[in-house]
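Colleague: Just one file: model29.txt, with compact mmCIF, C-alpha atoms and all ligand atoms.
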# COMPACT_ATOMS: atom_id res chain seq x y z
CA MET A 1099 49.64 77.21 93.63
CA LYS A 1100 52.44 79.75 93.66
CA THR A 1101 55.33 79.05 91.34
CA LEU A 1102 58.94 79.98 91.89
CA PRO A 1103 60.36 82.45 89.39
CA ASP A 1104 61.82 80.93 86.24
CA GLY A 1105 65.56 80.33 86.50
CA PHE A 1106 65.54 79.63 90.25
CA ARG A 1107 67.32 76.39 91.21
CA HIS A 1108 67.73 75.08 94.75
CA LEU A 1109 70.40 72.34 95.03
CA PRO A 1110 69.97 70.91 98.56
CA GLY A 1111 73.10 69.31 100.02
CA TYR A 1112 75.23 70.24 96.99
CA LEU A 1113 78.34 70.31 99.21
CA ASP A 1114 79.18 67.39 101.49
CA LEU A 1115 80.57 67.97 104.98
CA PRO A 1116 84.29 67.78 104.03
CA GLU A 1117 83.67 70.30 101.23
CA GLN A 1118 81.80 72.59 103.62
CA ARG A 1119 84.64 72.41 106.15
CA ALA A 1120 87.24 73.21 103.48
CA LEU A 1121 85.18 76.20 102.33
CA VAL A 1122 84.88 77.48 105.92
CA GLU A 1123 88.69 77.39 106.15
CA ASP A 1124 88.96 79.35 102.89
CA ILE A 1125 86.54 81.95 104.24
CA ARG A 1126 88.36 82.13 107.59
CA ALA A 1127 91.56 83.02 105.73
CA ALA A 1128 89.72 85.63 103.64
CA VAL A 1129 88.17 87.20 106.75
CA GLN A 1130 91.63 87.50 108.32
CA ALA A 1131 92.72 89.57 105.33
CA ALA A 1132 89.41 91.44 104.96
CA PRO A 1133 87.61 91.62 108.32
CA LEU A 1134 83.82 91.53 108.64
CA TYR A 1135 82.38 95.03 109.01
CA THR A 1136 78.91 96.36 109.78
CA PRO A 1137 77.28 97.86 106.69
CA GLU A 1138 75.05 100.94 106.99
CA MET A 1139 71.86 101.72 105.11
CA PRO A 1140 72.15 104.58 102.62
CA ARG A 1141 71.09 108.05 103.93
CA THR A 1142 69.89 106.85 107.38
CA GLY A 1143 73.12 105.15 108.42
CA LYS A 1144 71.07 102.46 110.19
CA PRO A 1145 73.39 99.49 110.76
CA MET A 1146 72.47 96.22 109.07
CA SER A 1147 72.28 93.19 111.37
CA VAL A 1148 74.31 91.09 108.94
CA ARG A 1149 78.08 91.64 108.96
CA MET A 1150 79.88 91.51 105.61
CA THR A 1151 83.10 91.30 103.70
CA ASN A 1152 84.04 90.32 100.13
CA CYS A 1153 86.46 88.40 97.98
CA GLY A 1154 87.25 89.16 94.36
CA ALA A 1155 88.18 92.10 92.17
CA LEU A 1156 85.05 93.95 93.28
CA GLY A 1157 83.12 93.91 96.55
CA TRP A 1158 79.63 95.11 97.42
CA VAL A 1159 79.62 97.72 100.17
CA THR A 1160 77.19 100.24 101.64
CA ASP A 1161 77.44 103.18 104.01
CA ARG A 1162 75.34 106.22 104.86
CA GLU A 1163 77.28 108.68 102.75
CA ARG A 1164 77.81 106.77 99.52
CA GLY A 1165 75.11 104.08 99.56
CA TYR A 1166 75.17 100.73 97.74
CA ARG A 1167 78.05 100.23 95.36
CA TYR A 1168 80.87 97.94 94.21
CA GLN A 1169 84.46 98.90 94.90
CA SER A 1170 87.86 97.22 94.71
CA THR A 1171 88.90 97.98 98.31
CA HIS A 1172 87.73 97.18 101.84
CA PRO A 1173 85.99 100.21 103.39
CA ALA A 1174 87.89 99.93 106.70
CA THR A 1175 91.36 98.72 105.68
CA GLY A 1176 91.56 100.37 102.26
CA ARG A 1177 93.20 97.20 100.91
CA GLN A 1178 92.16 95.16 97.86
CA TRP A 1179 89.79 92.29 98.60
CA PRO A 1180 91.41 88.82 98.77
CA PRO A 1181 90.89 86.58 95.71
CA ILE A 1182 87.82 84.38 95.33
CA PRO A 1183 88.79 80.91 96.65
CA HIS A 1184 89.31 78.33 93.89
CA ARG A 1185 86.65 75.97 95.21
CA LEU A 1186 84.06 78.73 94.82
CA LEU A 1187 85.17 79.35 91.23
CA THR A 1188 84.72 75.62 90.62
CA ILE A 1189 81.17 75.71 92.02
CA TRP A 1190 80.37 78.71 89.79
CA ARG A 1191 81.63 76.83 86.71
CA GLU A 1192 79.60 73.76 87.66
CA VAL A 1193 76.24 75.43 88.30
CA SER A 1194 76.04 78.92 86.79
CA GLY A 1195 75.85 78.06 83.11
CA ALA A 1196 77.65 81.37 82.53
CA SER A 1197 80.63 81.74 80.21
CA VAL A 1198 81.99 84.67 82.24
CA GLU A 1199 83.84 84.43 85.56
CA PRO A 1200 82.43 85.92 88.77
CA GLU A 1201 84.05 89.17 89.94
CA ALA A 1202 82.58 89.44 93.42
CA CYS A 1203 81.93 87.10 96.30
CA LEU A 1204 79.89 88.79 99.01
CA VAL A 1205 80.35 87.11 102.39
CA ASN A 1206 77.36 87.60 104.73
CA PHE A 1207 77.63 86.55 108.37
CA TYR A 1208 74.41 86.12 110.38
CA ASP A 1209 74.40 85.76 114.15
CA ASP A 1210 71.31 84.28 115.84
CA THR A 1211 69.30 87.50 115.56
CA ALA A 1212 70.41 88.79 112.16
CA ARG A 1213 67.93 89.19 109.30
CA MET A 1214 67.92 90.55 105.78
CA GLY A 1215 64.84 92.44 104.63
CA LEU A 1216 63.11 91.82 101.30
CA HIS A 1217 65.19 93.43 98.52
CA GLN A 1218 66.30 93.11 94.90
CA ASP A 1219 69.93 92.77 93.81
CA ARG A 1220 70.37 95.30 91.04
CA ASP A 1221 73.66 97.05 91.67
CA GLU A 1222 75.37 94.94 89.00
CA GLN A 1223 75.72 96.08 85.38
CA GLU A 1224 75.56 92.45 84.24
CA LEU A 1225 72.09 91.11 85.01
CA SER A 1226 72.08 88.22 82.52
CA ALA A 1227 74.56 86.18 84.57
CA PRO A 1228 73.02 84.41 87.56
CA VAL A 1229 73.87 84.91 91.22
CA VAL A 1230 75.11 81.72 92.89
CA SER A 1231 74.57 81.38 96.65
CA VAL A 1232 76.25 78.92 99.05
CA SER A 1233 74.91 78.45 102.60
CA LEU A 1234 77.15 77.32 105.49
CA GLY A 1235 76.32 76.81 109.17
CA ASP A 1236 72.93 77.31 110.79
CA THR A 1237 69.74 76.88 108.77
CA CYS A 1238 67.83 80.00 107.74
CA LEU A 1239 64.30 80.76 106.62
CA PHE A 1240 64.66 82.24 103.14
CA ARG A 1241 61.88 84.06 101.29
CA ILE A 1242 61.55 84.75 97.57
CA GLY A 1243 58.80 86.47 95.59
CA GLY A 1244 58.51 87.91 92.12
CA THR A 1245 59.96 90.92 90.38
CA ALA A 1246 57.46 93.31 92.01
CA ARG A 1247 57.72 94.03 95.74
CA ASN A 1248 54.10 93.06 96.34
CA ASP A 1249 54.17 89.75 94.45
CA PRO A 1250 53.35 86.71 96.63
CA THR A 1251 56.35 85.10 98.30
CA GLN A 1252 57.33 81.55 99.21
CA SER A 1253 59.49 80.58 102.15
CA PHE A 1254 61.76 77.64 102.67
CA ARG A 1255 64.78 76.65 104.68
CA LEU A 1256 68.34 76.85 103.38
CA ASN A 1257 70.63 74.37 105.10
CA SER A 1258 74.41 74.14 105.32
CA GLY A 1259 75.80 72.90 102.01
CA ASP A 1260 72.85 74.08 99.92
CA VAL A 1261 73.53 75.97 96.71
CA VAL A 1262 70.98 78.25 95.05
CA VAL A 1263 71.24 79.54 91.47
CA LEU A 1264 69.32 82.72 90.70
CA GLY A 1265 69.16 83.04 86.96
CA GLY A 1266 66.62 84.16 84.41
CA GLU A 1267 63.55 85.86 85.84
CA SER A 1268 64.61 85.02 89.42
CA ARG A 1269 67.69 87.26 89.04
CA LEU A 1270 65.51 90.29 89.79
CA ALA A 1271 63.17 88.60 92.27
CA PHE A 1272 62.62 90.17 95.68
CA HIS A 1273 64.13 88.00 98.41
CA GLY A 1274 65.28 88.08 102.01
CA VAL A 1275 66.19 86.11 105.12
CA ASP A 1276 63.50 86.15 107.83
CA ARG A 1277 65.30 84.23 110.54
CA ILE A 1278 68.18 82.01 111.60
CA TYR A 1279 67.56 78.74 113.44
CA PRO A 1280 70.29 78.72 116.13
CA GLY A 1281 72.07 75.47 116.91
CA THR A 1282 71.04 73.67 113.73
CA SER A 1283 74.59 73.06 112.42
CA PRO A 1284 77.90 72.13 114.10
CA LEU A 1285 79.93 73.56 111.20
CA LEU A 1286 80.80 76.93 112.73
CA LYS A 1287 82.36 76.68 116.20
CA SER A 1288 80.45 79.66 117.60
CA GLY A 1289 77.31 79.12 115.55
CA GLY A 1290 75.69 81.49 113.08
CA ARG A 1291 75.31 81.33 109.33
CA ILE A 1292 77.55 82.30 106.43
CA ASN A 1293 76.11 82.99 103.00
CA LEU A 1294 78.40 83.41 100.01
CA THR A 1295 77.07 84.98 96.82
CA LEU A 1296 79.08 84.87 93.62
CA ARG A 1297 78.30 87.60 91.13
CA ARG A 1298 79.37 88.99 87.78
CA VAL A 1299 79.33 92.78 88.17
CA THR A 1300 80.64 94.34 84.97
CA LEU A 1301 79.69 93.57 81.39
CA PRO A 1302 82.35 91.49 79.60
CA GLY A 1303 84.41 93.82 77.46
CA SER A 1304 83.81 96.89 79.60
CA GLY A 1305 87.56 96.95 80.26
CA VAL A 1306 87.58 96.14 83.98
C1 LIG B 1401 67.49 86.00 94.64
N1 LIG B 1401 71.72 87.11 100.53
O1 LIG B 1401 73.53 88.88 99.62
S1 LIG B 1401 71.12 84.18 99.39
C2 LIG B 1401 72.35 89.01 99.24
O2 LIG B 1401 71.15 84.36 102.55
C3 LIG B 1401 71.31 88.11 99.75
O3 LIG B 1401 72.54 86.00 102.72
C4 LIG B 1401 70.80 86.21 101.18
O4 LIG B 1401 70.19 88.28 99.46
C5 LIG B 1401 71.55 85.46 102.21
O5 LIG B 1401 72.00 89.88 98.43
C6 LIG B 1401 70.10 85.32 100.22
C7 LIG B 1401 70.10 83.69 98.04
C8 LIG B 1401 69.97 84.77 97.01
C9 LIG B 1401 71.05 85.53 96.66
C10 LIG B 1401 70.96 86.46 95.65
C11 LIG B 1401 69.77 86.62 94.96
C12 LIG B 1401 68.79 84.93 96.37
C13 LIG B 1401 68.68 85.86 95.34
C14 LIG B 1401 69.66 87.52 93.89
C15 LIG B 1401 68.49 87.63 93.20
C16 LIG B 1401 67.40 86.88 93.59
FE FE B 1402 70.11 89.67 97.79
Please render this file's structure as structure tokens.
Ligand code: MD3
Ligand code: FE

Modeller:
Amino acid sequence: MKTLPDGFRHLPGYLDLPEQRALVEDIRAAVQAAPLYTPEMPRTGKPMSVRMTNCGALGWVTDRERGYRYQSTHPATGRQWPPIPHRLLTIWREVSGASVEPEACLVNFYDDTARMGLHQDRDEQELSAPVVSVSLGDTCLFRIGGTARNDPTQSFRLNSGDVVVLGGESRLAFHGVDRIYPGTSPLLKSGGRINLTLRRVTLPGSGV
């Protein structure tokens, strides 16, 4: 039997419907200040199917010319990212077990056909803090393996209101989103899925 990587925690239904609705309103306000944009793969410039924006002091961005990186400004508007909503900071404090605050909240928006290929998250200097993920809207099929690309993977559904904590060994596990199940949640008026990931980027004391 395959085992999930150590430090992986799935908290199904962590947020009730009123909490999910309030979070959607927070994200709507953030997206007004920092619009979703289409990220490009490094070197090839191939557009990703997921649209993105960020909240927090630092945001994860990618384009053909400069590749994957964190920066303090939106690539299209040049403005600072809006702050991380308080209710997300509360969730981080409740589940992360970290003594540091998150610096980045990546907002991923999936339409019915969007996917995210198997990848590792390793653009952060701080890899001892977990990543905390919040799912809103339509259900997705999520896949997670081990720390080597060819390790066996396990798939399961992430539903609206689920929280996932990726700590310990799972922090460097390969993972991806294979598909969205359209029409599985009434939360977002026009459907689709939002995933929020809270991350510590810099090492505490690095002066950022
Ligand atoms: C496992 N997001 O933004 S969330 C990402 O549903 C990303 O949008 C997916 O992968 C999404 O990088 C998956 C669950 C997740 C998030 C971060 C992880 C799983 C992770 C980091 C390390 C290992
Ligand atoms: Fe990821």

Colleague: Could you check how far atom CA of Asp1124 of chain A sits from atom CA of Leu1294 of chain A, in Å to one decimal?

Modeller: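 Spanning atom CA of Asp1124 of chain A to atom CA of Leu1294 of chain A is a straight-line distance of 11.7 Å.
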
Colleague: Between A:Leu1234, A:Val1129, A:Ala1196, A:Leu1301, which is the closest to ligand LIG 1401 (chain B) once you count only C-alpha atoms and all ligand atoms?

Modeller: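 Among A:Leu1234, A:Val1129, A:Ala1196, A:Leu1301, it is A:Leu1234 that comes nearest to ligand LIG 1401 (chain B).
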
Colleague: Write out as a compact mmCIF listing (two decimals) with C-alpha atoms, in the coordinates of the input each polymer residue whose atoms come within 10 Å of Ala1127 of chain A, counting all atoms listed in the file; drop sequence neighbours fewer than 5 positions from it.

Modeller:
# COMPACT_ATOMS: atom_id res chain seq x y z
CA LEU A 1121 85.18 76.20 102.33
CA VAL A 1122 84.88 77.48 105.92
CA ALA A 1132 89.41 91.44 104.96
CA PRO A 1133 87.61 91.62 108.32
CA PRO A 1180 91.41 88.82 98.77
CA PRO A 1183 88.79 80.91 96.65

Colleague: List the neighbours of segment 1147-1149 of chain A out to 9 Å using all atoms listed in the file; skip same-chain residues closer than 2 positions along the sequence, and give me the result as an MDAnalysis selection string.

Modeller: chainID A and resid 1134:1137 1145 1151 1205:1209 1211:1214

Colleague: For those residues, write C-alpha atoms to a file as a CSV table (one decimal), keeping the file's coordinate frame.

Modeller:
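Result file is selection38.csv:
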chain,number,residue,atom,x,y,z
A,1134,LEU,CA,83.8,91.5,108.6
A,1135,TYR,CA,82.4,95.0,109.0
A,1136,THR,CA,78.9,96.4,109.8
A,1137,PRO,CA,77.3,97.9,106.7
A,1145,PRO,CA,73.4,99.5,110.8
A,1151,THR,CA,83.1,91.3,103.7
A,1205,VAL,CA,80.4,87.1,102.4
A,1206,ASN,CA,77.4,87.6,104.7
A,1207,PHE,CA,77.6,86.6,108.4
A,1208,TYR,CA,74.4,86.1,110.4
A,1209,ASP,CA,74.4,85.8,114.2
A,1211,THR,CA,69.3,87.5,115.6
A,1212,ALA,CA,70.4,88.8,112.2
A,1213,ARG,CA,67.9,89.2,109.3
A,1214,MET,CA,67.9,90.6,105.8

Colleague: Which residue out of A:Met1150, A:Ala1246, A:Leu1216, A:Ile1292 has the minimum interatomic distance to ligand FE 1402 (chain B) when all atoms listed in the file are used?

Modeller: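 Smallest separation from ligand FE 1402 (chain B) among the options: A:Leu1216.
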
Colleague: Residues within 8 Å of ligand FE 1402 (chain B), counting only C-alpha atoms and all ligand atoms: report them as a tab-separated table (two decimals) with C-alpha atoms, keeping the file's coordinate frame.

Modeller:
chain	number	residue	atom	x	y	z
A	1217	HIS	CA	65.19	93.43	98.52
A	1218	GLN	CA	66.30	93.11	94.90
A	1219	ASP	CA	69.93	92.77	93.81
A	1272	PHE	CA	62.62	90.17	95.68
A	1273	HIS	CA	64.13	88.00	98.41
A	1274	GLY	CA	65.28	88.08	102.01
